Structures are given as C-alpha cells and as structure tokens.
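Undergrad: The file below is model.pdb, PDB, C-alpha atoms, pLDDT in the B column:
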MODEL        1
ATOM      1  CA  MET A   1      71.497 139.351 -42.815  1.00 73.00           C
ATOM      2  CA  GLN A   2      71.217 136.423 -40.468  1.00 88.00           C
ATOM      3  CA  SER A   3      68.040 135.740 -38.546  1.00 91.00           C
ATOM      4  CA  ARG A   4      67.862 134.466 -35.001  1.00 91.00           C
ATOM      5  CA  PRO A   5      64.984 133.177 -32.887  1.00 92.00           C
ATOM      6  CA  LEU A   6      63.332 135.666 -30.543  1.00 88.00           C
ATOM      7  CA  THR A   7      63.733 135.251 -26.811  1.00 93.00           C
ATOM      8  CA  GLU A   8      60.732 134.640 -24.551  1.00 93.00           C
ATOM      9  CA  GLU A   9      60.893 138.267 -23.390  1.00 93.00           C
ATOM     10  CA  GLU A  10      60.877 139.570 -26.978  1.00 89.00           C
ATOM     11  CA  LEU A  11      57.999 137.269 -27.907  1.00 86.00           C
ATOM     12  CA  SER A  12      55.889 138.441 -24.958  1.00 89.00           C
ATOM     13  CA  SER A  13      56.419 142.112 -25.866  1.00 88.00           C
ATOM     14  CA  LEU A  14      55.020 141.692 -29.392  1.00 81.00           C
ATOM     15  CA  ARG A  15      51.478 142.896 -30.024  1.00 78.00           C
ATOM     16  CA  PRO A  16      50.364 141.687 -33.478  1.00 72.00           C
ATOM     17  CA  GLY A  17      47.810 143.857 -35.229  1.00 71.00           C
ATOM     18  CA  GLU A  18      48.427 146.866 -33.023  1.00 69.00           C
ATOM     19  CA  LEU A  19      47.757 150.155 -34.801  1.00 72.00           C
ATOM     20  CA  THR A  20      50.156 152.912 -33.989  1.00 83.00           C
ATOM     21  CA  LEU A  21      49.544 156.635 -34.101  1.00 84.00           C
ATOM     22  CA  ALA A  22      51.928 156.889 -37.047  1.00 84.00           C
ATOM     23  CA  THR A  23      49.875 154.390 -39.071  1.00 88.00           C
ATOM     24  CA  VAL A  24      46.632 156.232 -38.379  1.00 89.00           C
ATOM     25  CA  THR A  25      48.244 159.572 -39.257  1.00 90.00           C
ATOM     26  CA  VAL A  26      49.586 158.219 -42.546  1.00 93.00           C
ATOM     27  CA  VAL A  27      46.200 156.771 -43.518  1.00 94.00           C
ATOM     28  CA  PHE A  28      44.360 160.028 -42.749  1.00 94.00           C
ATOM     29  CA  THR A  29      46.967 162.063 -44.638  1.00 94.00           C
ATOM     30  CA  VAL A  30      46.704 159.873 -47.731  1.00 96.00           C
ATOM     31  CA  VAL A  31      42.903 160.004 -47.659  1.00 94.00           C
ATOM     32  CA  ILE A  32      42.832 163.801 -47.271  1.00 92.00           C
ATOM     33  CA  LEU A  33      45.356 164.291 -50.087  1.00 91.00           C
ATOM     34  CA  ALA A  34      43.380 161.960 -52.362  1.00 93.00           C
ATOM     35  CA  ILE A  35      40.167 163.911 -51.717  1.00 88.00           C
ATOM     36  CA  VAL A  36      41.896 167.248 -52.335  1.00 82.00           C
ATOM     37  CA  ALA A  37      43.453 165.987 -55.580  1.00 84.00           C
ATOM     38  CA  PHE A  38      40.102 164.624 -56.731  1.00 84.00           C
ATOM     39  CA  LYS A  39      38.366 167.935 -56.003  1.00 79.00           C
ATOM     40  CA  ILE A  40      41.064 169.934 -57.793  1.00 74.00           C
ATOM     41  CA  PHE A  41      41.119 167.828 -60.934  1.00 76.00           C
ATOM     42  CA  THR A  42      37.347 167.463 -61.254  1.00 77.00           C
ATOM     43  CA  SER A  43      36.642 171.179 -60.850  1.00 74.00           C
ATOM     44  CA  LYS A  44      36.588 173.567 -63.783  1.00 76.00           C
ATOM     45  CA  GLY A  45      39.135 175.798 -62.124  1.00 74.00           C
ATOM     46  CA  SER A  46      40.700 176.469 -58.771  1.00 73.00           C
ATOM     47  CA  LYS A  47      43.301 178.550 -57.002  1.00 78.00           C
ATOM     48  CA  ILE A  48      45.503 177.230 -54.218  1.00 77.00           C
ATOM     49  CA  THR A  49      47.720 179.311 -51.951  1.00 81.00           C
ATOM     50  CA  LEU A  50      50.189 177.476 -49.742  1.00 77.00           C
ATOM     51  CA  PRO A  51      52.198 178.865 -46.839  1.00 83.00           C
ATOM     52  CA  GLY A  52      55.364 180.541 -48.009  1.00 85.00           C
ATOM     53  CA  GLY A  53      53.651 182.405 -50.830  1.00 84.00           C
ATOM     54  CA  TYR A  54      53.329 179.521 -53.285  1.00 84.00           C
ATOM     55  CA  ARG A  55      50.296 179.953 -55.527  1.00 86.00           C
ATOM     56  CA  PHE A  56      48.844 177.528 -58.046  1.00 78.00           C
ATOM     57  CA  GLU A  57      46.036 178.085 -60.500  1.00 80.00           C
ATOM     58  CA  PHE A  58      44.333 175.260 -62.308  1.00 73.00           C
ATOM     59  CA  THR A  59      41.905 175.739 -65.167  1.00 73.00           C
ATOM     60  CA  GLY A  60      40.085 172.714 -66.475  1.00 64.00           C
ATOM     61  CA  ALA A  61      39.585 171.805 -70.098  1.00 57.00           C
ATOM     62  CA  LYS A  62      36.933 173.796 -71.906  1.00 56.00           C
ATOM     63  CA  GLU A  63      33.893 171.810 -72.903  1.00 54.00           C
TER
ENDMDL
END
When written as structure tokens, how does the structure in this file appear?
TA:
Amino acid sequence: MQSRPLTEEELSSLRPGELTLATVTVVFTVVILAIVAFKIFTSKGSKITLPGGYRFEFTGAKE
C-alpha cells in the first residue's frame, strides 16, 4: 500500500481527538458487559434469561 500526502482540503477536514458516537457506544457497552460479568461471577448463583428463550444458570463454588 502506497501512501500519499494529504491535500489542503483533506488536512482542513481532519479533527484530531474527536470522539464519535460509535466510540462512546463501544466504551459504554464494554463497561456494562464487564460489570455484568463481574456481578455474575462473584455471586453465589444467578439465573439469566435472554431474548429468544435462552436461559443460563450459574451456581458458584460451595464454600
């Protein structure tokens, strides 16, 4: 892949550091999934029902 210098028009359209909606959505999704996973694996037991009829049961280790 060969690189080429940007034109003045392309350079003026760049906005470094700009956060997009997609970036914010990805960050929030990752954070929410991490919290849910933490809560599931630190609890003694839980039941999860997802749309479509998928059910999961998790029982923690007995102390």
Undergrad: To one decimal in Å, tell me the separation between CA of Pro51 in chain A and CA of Ala22 in chain A.
TA: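 Straight-line distance from CA of Pro51 in chain A to CA of Ala22 in chain A works out to 24.1 Å.
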Undergrad: Find the spatial neighbours of range 54-58 of chain A, counting only C-alpha atoms, within a cut-off of 12 Å - ignore same-chain residues fewer than 5 positions away - and output them as a ChimeraX atom specification.
TA: /A:37,39-49
Undergrad: Calculate how many Å separate CA of Leu50 in chain A from CA of Val27 in chain A, rounding to one decimal.
TA: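 Separation of CA of Leu50 in chain A and CA of Val27 in chain A: 22.0 Å.
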Undergrad: Quick one, how far is CA of Pro16 in chain A from CA of Phe28 in chain A?
TA: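 According to the coordinates, CA of Pro16 in chain A and CA of Phe28 in chain A are separated by 21.4 Å.
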Undergrad: Need the axis-aligned box for range 34-39 of chain A with 6 Å each side, so what are the centre and edges in Å to one decimal, as JSON?
TA:
{"center_x": 40.9, "center_y": 164.9, "center_z": -54.2, "size_x": 17.1, "size_y": 18.0, "size_z": 17.0}
Undergrad: How would range 19-50 of chain A read, as a PDB file, in the frame of the given file, once N, CA and C atoms are built in?
TA:
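Written file, rebuild-v1.pdb:
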ATOM      1  N   LEU A  19      47.644 148.958 -33.969  1.00 72.00           N
ATOM      2  CA  LEU A  19      47.757 150.155 -34.801  1.00 72.00           C
ATOM      3  C   LEU A  19      48.484 151.231 -34.019  1.00 72.00           C
ATOM      4  N   THR A  20      49.425 151.836 -34.650  1.00 83.00           N
ATOM      5  CA  THR A  20      50.156 152.912 -33.989  1.00 83.00           C
ATOM      6  C   THR A  20      49.629 154.250 -34.461  1.00 83.00           C
ATOM      7  N   LEU A  21      49.960 155.290 -33.731  1.00 84.00           N
ATOM      8  CA  LEU A  21      49.544 156.635 -34.101  1.00 84.00           C
ATOM      9  C   LEU A  21      50.111 157.020 -35.465  1.00 84.00           C
ATOM     10  N   ALA A  22      51.310 156.572 -35.755  1.00 84.00           N
ATOM     11  CA  ALA A  22      51.928 156.889 -37.047  1.00 84.00           C
ATOM     12  C   ALA A  22      51.131 156.273 -38.194  1.00 84.00           C
ATOM     13  N   THR A  23      50.663 155.050 -38.027  1.00 88.00           N
ATOM     14  CA  THR A  23      49.875 154.390 -39.071  1.00 88.00           C
ATOM     15  C   THR A  23      48.575 155.128 -39.316  1.00 88.00           C
ATOM     16  N   VAL A  24      47.895 155.500 -38.249  1.00 89.00           N
ATOM     17  CA  VAL A  24      46.632 156.232 -38.379  1.00 89.00           C
ATOM     18  C   VAL A  24      46.869 157.580 -39.042  1.00 89.00           C
ATOM     19  N   THR A  25      47.932 158.275 -38.663  1.00 90.00           N
ATOM     20  CA  THR A  25      48.244 159.572 -39.257  1.00 90.00           C
ATOM     21  C   THR A  25      48.529 159.440 -40.747  1.00 90.00           C
ATOM     22  N   VAL A  26      49.270 158.427 -41.125  1.00 93.00           N
ATOM     23  CA  VAL A  26      49.586 158.219 -42.546  1.00 93.00           C
ATOM     24  C   VAL A  26      48.311 157.934 -43.345  1.00 93.00           C
ATOM     25  N   VAL A  27      47.443 157.101 -42.813  1.00 94.00           N
ATOM     26  CA  VAL A  27      46.200 156.771 -43.518  1.00 94.00           C
ATOM     27  C   VAL A  27      45.341 158.019 -43.701  1.00 94.00           C
ATOM     28  N   PHE A  28      45.163 158.805 -42.636  1.00 94.00           N
ATOM     29  CA  PHE A  28      44.360 160.028 -42.749  1.00 94.00           C
ATOM     30  C   PHE A  28      44.981 161.013 -43.735  1.00 94.00           C
ATOM     31  N   THR A  29      46.290 161.147 -43.717  1.00 94.00           N
ATOM     32  CA  THR A  29      46.967 162.063 -44.638  1.00 94.00           C
ATOM     33  C   THR A  29      46.756 161.643 -46.084  1.00 94.00           C
ATOM     34  N   VAL A  30      46.895 160.374 -46.369  1.00 96.00           N
ATOM     35  CA  VAL A  30      46.704 159.873 -47.731  1.00 96.00           C
ATOM     36  C   VAL A  30      45.260 160.090 -48.187  1.00 96.00           C
ATOM     37  N   VAL A  31      44.310 159.826 -47.307  1.00 94.00           N
ATOM     38  CA  VAL A  31      42.903 160.004 -47.659  1.00 94.00           C
ATOM     39  C   VAL A  31      42.603 161.473 -47.930  1.00 94.00           C
ATOM     40  N   ILE A  32      43.081 162.365 -47.081  1.00 92.00           N
ATOM     41  CA  ILE A  32      42.832 163.801 -47.271  1.00 92.00           C
ATOM     42  C   ILE A  32      43.472 164.293 -48.565  1.00 92.00           C
ATOM     43  N   LEU A  33      44.701 163.876 -48.841  1.00 91.00           N
ATOM     44  CA  LEU A  33      45.356 164.291 -50.087  1.00 91.00           C
ATOM     45  C   LEU A  33      44.631 163.746 -51.313  1.00 91.00           C
ATOM     46  N   ALA A  34      44.125 162.533 -51.235  1.00 93.00           N
ATOM     47  CA  ALA A  34      43.380 161.960 -52.362  1.00 93.00           C
ATOM     48  C   ALA A  34      42.093 162.746 -52.612  1.00 93.00           C
ATOM     49  N   ILE A  35      41.401 163.129 -51.557  1.00 88.00           N
ATOM     50  CA  ILE A  35      40.167 163.911 -51.717  1.00 88.00           C
ATOM     51  C   ILE A  35      40.468 165.282 -52.304  1.00 88.00           C
ATOM     52  N   VAL A  36      41.519 165.927 -51.812  1.00 82.00           N
ATOM     53  CA  VAL A  36      41.896 167.248 -52.335  1.00 82.00           C
ATOM     54  C   VAL A  36      42.275 167.149 -53.802  1.00 82.00           C
ATOM     55  N   ALA A  37      43.062 166.154 -54.174  1.00 84.00           N
ATOM     56  CA  ALA A  37      43.453 165.987 -55.580  1.00 84.00           C
ATOM     57  C   ALA A  37      42.235 165.719 -56.449  1.00 84.00           C
ATOM     58  N   PHE A  38      41.316 164.902 -55.973  1.00 84.00           N
ATOM     59  CA  PHE A  38      40.102 164.624 -56.731  1.00 84.00           C
ATOM     60  C   PHE A  38      39.293 165.893 -56.950  1.00 84.00           C
ATOM     61  N   LYS A  39      39.129 166.688 -55.901  1.00 79.00           N
ATOM     62  CA  LYS A  39      38.366 167.935 -56.003  1.00 79.00           C
ATOM     63  C   LYS A  39      39.032 168.919 -56.961  1.00 79.00           C
ATOM     64  N   ILE A  40      40.352 168.998 -56.912  1.00 74.00           N
ATOM     65  CA  ILE A  40      41.064 169.934 -57.793  1.00 74.00           C
ATOM     66  C   ILE A  40      40.910 169.528 -59.249  1.00 74.00           C
ATOM     67  N   PHE A  41      41.108 168.260 -59.546  1.00 76.00           N
ATOM     68  CA  PHE A  41      41.119 167.828 -60.934  1.00 76.00           C
ATOM     69  C   PHE A  41      39.735 167.628 -61.530  1.00 76.00           C
ATOM     70  N   THR A  42      38.700 167.577 -60.712  1.00 77.00           N
ATOM     71  CA  THR A  42      37.347 167.463 -61.254  1.00 77.00           C
ATOM     72  C   THR A  42      36.643 168.812 -61.327  1.00 77.00           C
ATOM     73  N   SER A  43      37.257 169.855 -60.767  1.00 74.00           N
ATOM     74  CA  SER A  43      36.642 171.179 -60.850  1.00 74.00           C
ATOM     75  C   SER A  43      37.039 171.849 -62.162  1.00 74.00           C
ATOM     76  N   LYS A  44      36.274 172.852 -62.538  1.00 76.00           N
ATOM     77  CA  LYS A  44      36.588 173.567 -63.783  1.00 76.00           C
ATOM     78  C   LYS A  44      37.749 174.523 -63.603  1.00 76.00           C
ATOM     79  N   GLY A  45      38.013 174.914 -62.399  1.00 74.00           N
ATOM     80  CA  GLY A  45      39.135 175.798 -62.124  1.00 74.00           C
ATOM     81  C   GLY A  45      39.276 175.988 -60.629  1.00 74.00           C
ATOM     82  N   SER A  46      40.490 176.242 -60.197  1.00 73.00           N
ATOM     83  CA  SER A  46      40.700 176.469 -58.771  1.00 73.00           C
ATOM     84  C   SER A  46      41.997 177.224 -58.565  1.00 73.00           C
ATOM     85  N   LYS A  47      42.081 177.852 -57.410  1.00 78.00           N
ATOM     86  CA  LYS A  47      43.301 178.550 -57.002  1.00 78.00           C
ATOM     87  C   LYS A  47      43.698 178.027 -55.644  1.00 78.00           C
ATOM     88  N   ILE A  48      44.987 177.742 -55.477  1.00 77.00           N
ATOM     89  CA  ILE A  48      45.503 177.230 -54.218  1.00 77.00           C
ATOM     90  C   ILE A  48      46.652 178.123 -53.784  1.00 77.00           C
ATOM     91  N   THR A  49      46.622 178.546 -52.518  1.00 81.00           N
ATOM     92  CA  THR A  49      47.720 179.311 -51.951  1.00 81.00           C
ATOM     93  C   THR A  49      48.264 178.538 -50.754  1.00 81.00           C
ATOM     94  N   LEU A  50      49.539 178.219 -50.817  1.00 77.00           N
ATOM     95  CA  LEU A  50      50.189 177.476 -49.742  1.00 77.00           C
ATOM     96  C   LEU A  50      51.033 178.421 -48.895  1.00 77.00           C
TER      97      LEU A  50
END
